[in-house]
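Take a look at the structure set out below.
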Amino acid sequence: MNTRTRHLFLVLICFLASSCFRGGTSTDGLPVGKRIQLQSVEELYQFLTYDDNRYPLVSLHRGGPLSGYPENAIETFAYNASLQPVIVECDVRISKDSALVLMHDHSLNRTTTGKGSVNDHTLSELKKLLLLDNNKKLTPYRIPTLSEALAWGKGKVIFTLDIKNDVPYEAVINTIRKERAESSVVVITYSANQAAKVHSLAGDLMISASVNNREDLSRLNEKDIPDNRLLAFVGTREADPNLTKILHDHGIMCILGTLGNLDKQADKKGFQTYAGFIDRGADILSTDRPAEAGRALNFYIKKRGIVSKFVQ
């Protein structure tokens, strides 16, 4: 058996076996079939501006990987989006020949069949690799480009793009423009200066900015970034209620990173813990446990009769 035949045989076996090692997440309590439907950037602003009837959402950390579904893969996004309305947090890196691809690590070693750095490989080389799930099991899925992900996600999900340090904002913005995906994208930034740069390059794009205190919000305001262009990432522990109130008074929704300790807390105390985070001011939960968080949010939404014309 030559190398090419062996590779194709491996892909076939992996594909046929994939149903055996997928997580089989129960759909009980999830709003299966509902998705976010946005047609314009103005609708994105409206949907992600806080009001008393805001629609709480799950954000998939690294796309929501689970058994059989690797991180930063379109197939993983699609599986999660089939279960509930989602925001897809994913990571953008650049190849040797300047192609934008989805990959969290600088190295290929952990999540693919390849070795070495992403930026030491051309797109053609990267496309020959297969993705591994978080249990190191081989999947039939391949590294997607940013363009492929955006083309798939329009009218289905909202992306929050974590752009790695060596990736020019200009390249990401050009790809968003090319795919006409402005209504599906929020760009993640980590400082007021980064947020200001993105806003200066593309004033219509929404930005996720780190806001840990009132001074962080003041710095963003000083950069003349409109409130309706902002989401506030308040960290991985619950924010001070006074900060949450200030952000909500500005119409800014809060992303709480439950990944890590808060996810562990919810695992120990029960999935309704996630509803408590929403009750206390979070609007979007960035989580490694999207099904569990989704059940709690679905219960919360039904109990309060929350509806959105953008979620059908």
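Simple scheme: letters A, B, ... for chains in structure tokens order, numbers from 1 for residues in each chain, numbers from 1 for ligands in the order shown.
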Inset, instruction - Would you mind listing what lies within 10 Å of His199 of chain A as a PyMOL selection string, with only C-alpha atoms counted and same-chain residues fewer than 2 positions away left out? - result: chain A and resi 187+193-197+201-207+223-226+229
Based on the selection just made, write N, CA, C and O atoms of those residues as a short mmCIF file (atom, residue, chain, number, x, y, z; two decimals), in the first residue's frame.
data_model
loop_
_atom_site.label_atom_id
_atom_site.label_comp_id
_atom_site.auth_asym_id
_atom_site.auth_seq_id
_atom_site.Cartn_x
_atom_site.Cartn_y
_atom_site.Cartn_z
N VAL A 187 -14.92 41.36 16.38
CA VAL A 187 -13.47 41.23 16.48
C VAL A 187 -13.04 41.37 17.94
O VAL A 187 -13.37 42.37 18.60
N ASN A 193 -6.24 50.42 22.97
CA ASN A 193 -5.48 50.76 21.77
C ASN A 193 -5.79 49.79 20.62
O ASN A 193 -5.93 50.21 19.47
N GLN A 194 -5.88 48.49 20.93
CA GLN A 194 -6.25 47.53 19.90
C GLN A 194 -7.66 47.81 19.38
O GLN A 194 -7.91 47.77 18.17
N ALA A 195 -8.57 48.07 20.30
CA ALA A 195 -9.95 48.36 19.90
C ALA A 195 -10.00 49.59 19.00
O ALA A 195 -10.72 49.62 17.99
N ALA A 196 -9.23 50.60 19.36
CA ALA A 196 -9.19 51.83 18.56
C ALA A 196 -8.63 51.57 17.17
O ALA A 196 -9.12 52.14 16.17
N LYS A 197 -7.62 50.72 17.08
CA LYS A 197 -7.05 50.41 15.76
C LYS A 197 -8.07 49.71 14.87
O LYS A 197 -8.23 50.07 13.70
N LEU A 201 -9.79 51.17 11.35
CA LEU A 201 -9.70 50.44 10.08
C LEU A 201 -11.07 50.08 9.53
O LEU A 201 -11.26 49.99 8.31
N ALA A 202 -12.02 49.83 10.43
CA ALA A 202 -13.35 49.37 10.01
C ALA A 202 -14.37 49.81 11.05
O ALA A 202 -14.73 49.05 11.97
N GLY A 203 -14.84 51.02 10.91
CA GLY A 203 -15.72 51.62 11.91
C GLY A 203 -17.07 50.96 12.05
O GLY A 203 -17.77 51.19 13.03
N ASP A 204 -17.45 50.13 11.08
CA ASP A 204 -18.74 49.46 11.16
C ASP A 204 -18.69 48.14 11.90
O ASP A 204 -19.73 47.59 12.28
N LEU A 205 -17.49 47.59 12.13
CA LEU A 205 -17.39 46.28 12.75
C LEU A 205 -17.60 46.36 14.26
O LEU A 205 -17.18 47.32 14.91
N MET A 206 -18.23 45.32 14.81
CA MET A 206 -18.38 45.23 16.25
C MET A 206 -17.10 44.68 16.86
O MET A 206 -16.37 43.89 16.26
N ILE A 207 -16.84 45.12 18.10
CA ILE A 207 -15.60 44.80 18.80
C ILE A 207 -15.93 44.24 20.18
O ILE A 207 -16.79 44.77 20.89
N LYS A 223 -11.56 56.80 23.12
CA LYS A 223 -11.17 56.46 21.74
C LYS A 223 -12.32 56.67 20.75
O LYS A 223 -12.18 56.39 19.56
N ASP A 224 -13.44 57.19 21.25
CA ASP A 224 -14.61 57.51 20.41
C ASP A 224 -15.19 56.28 19.69
O ASP A 224 -15.67 56.37 18.56
N ILE A 225 -15.16 55.14 20.38
CA ILE A 225 -15.81 53.94 19.85
C ILE A 225 -17.25 53.94 20.33
O ILE A 225 -17.50 53.94 21.54
N PRO A 226 -18.22 53.97 19.44
CA PRO A 226 -19.62 54.03 19.86
C PRO A 226 -20.01 52.83 20.72
O PRO A 226 -19.52 51.71 20.51
N ARG A 229 -21.08 49.57 19.16
CA ARG A 229 -20.07 48.75 18.47
C ARG A 229 -19.34 47.84 19.44
O ARG A 229 -18.42 47.13 19.04
#
Inset, instruction - Write down as an MDAnalysis selection string the residues of segment 126-184 of chain A whose backbone DSSP state falls under helix (DSSP H, G or I). - result: chainID A and resid 126:127 146:153 169:179 182:184
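Shortest atom-to-atom contact with Tyr169 of chain A among A:Ile94, A:Asp249, A:Val118, A:Arg214: A:Ile94, counting only C-alpha atoms.
Residues surrounding Glu43 of chain A within 10 Å are Gln37, Thr49, Ser183, Ser184 and Phe310 of chain A [only C-alpha atoms; sequence separation below 6 positions excluded].
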Save out the residues we just selected, C-alpha atoms, as an mmCIF file, in the first residue's frame.
data_model
loop_
_atom_site.group_PDB
_atom_site.id
_atom_site.type_symbol
_atom_site.label_atom_id
_atom_site.label_comp_id
_atom_site.auth_asym_id
_atom_site.auth_seq_id
_atom_site.Cartn_x
_atom_site.Cartn_y
_atom_site.Cartn_z
ATOM 1 C CA GLN A 37 -30.561 35.035 11.679
ATOM 2 C CA THR A 49 -27.271 45.996 22.298
ATOM 3 C CA SER A 183 -23.261 41.117 10.074
ATOM 4 C CA SER A 184 -21.749 37.884 11.429
ATOM 5 C CA PHE A 310 -33.418 37.447 15.212
#
Legend entry - Ser191 of chain A surroundings by only C-alpha atoms, 9 Å radius, close-in-sequence under 5 positions cut, as JSON, numbers by chain: {"A": [196, 209, 210, 211, 216, 220]}
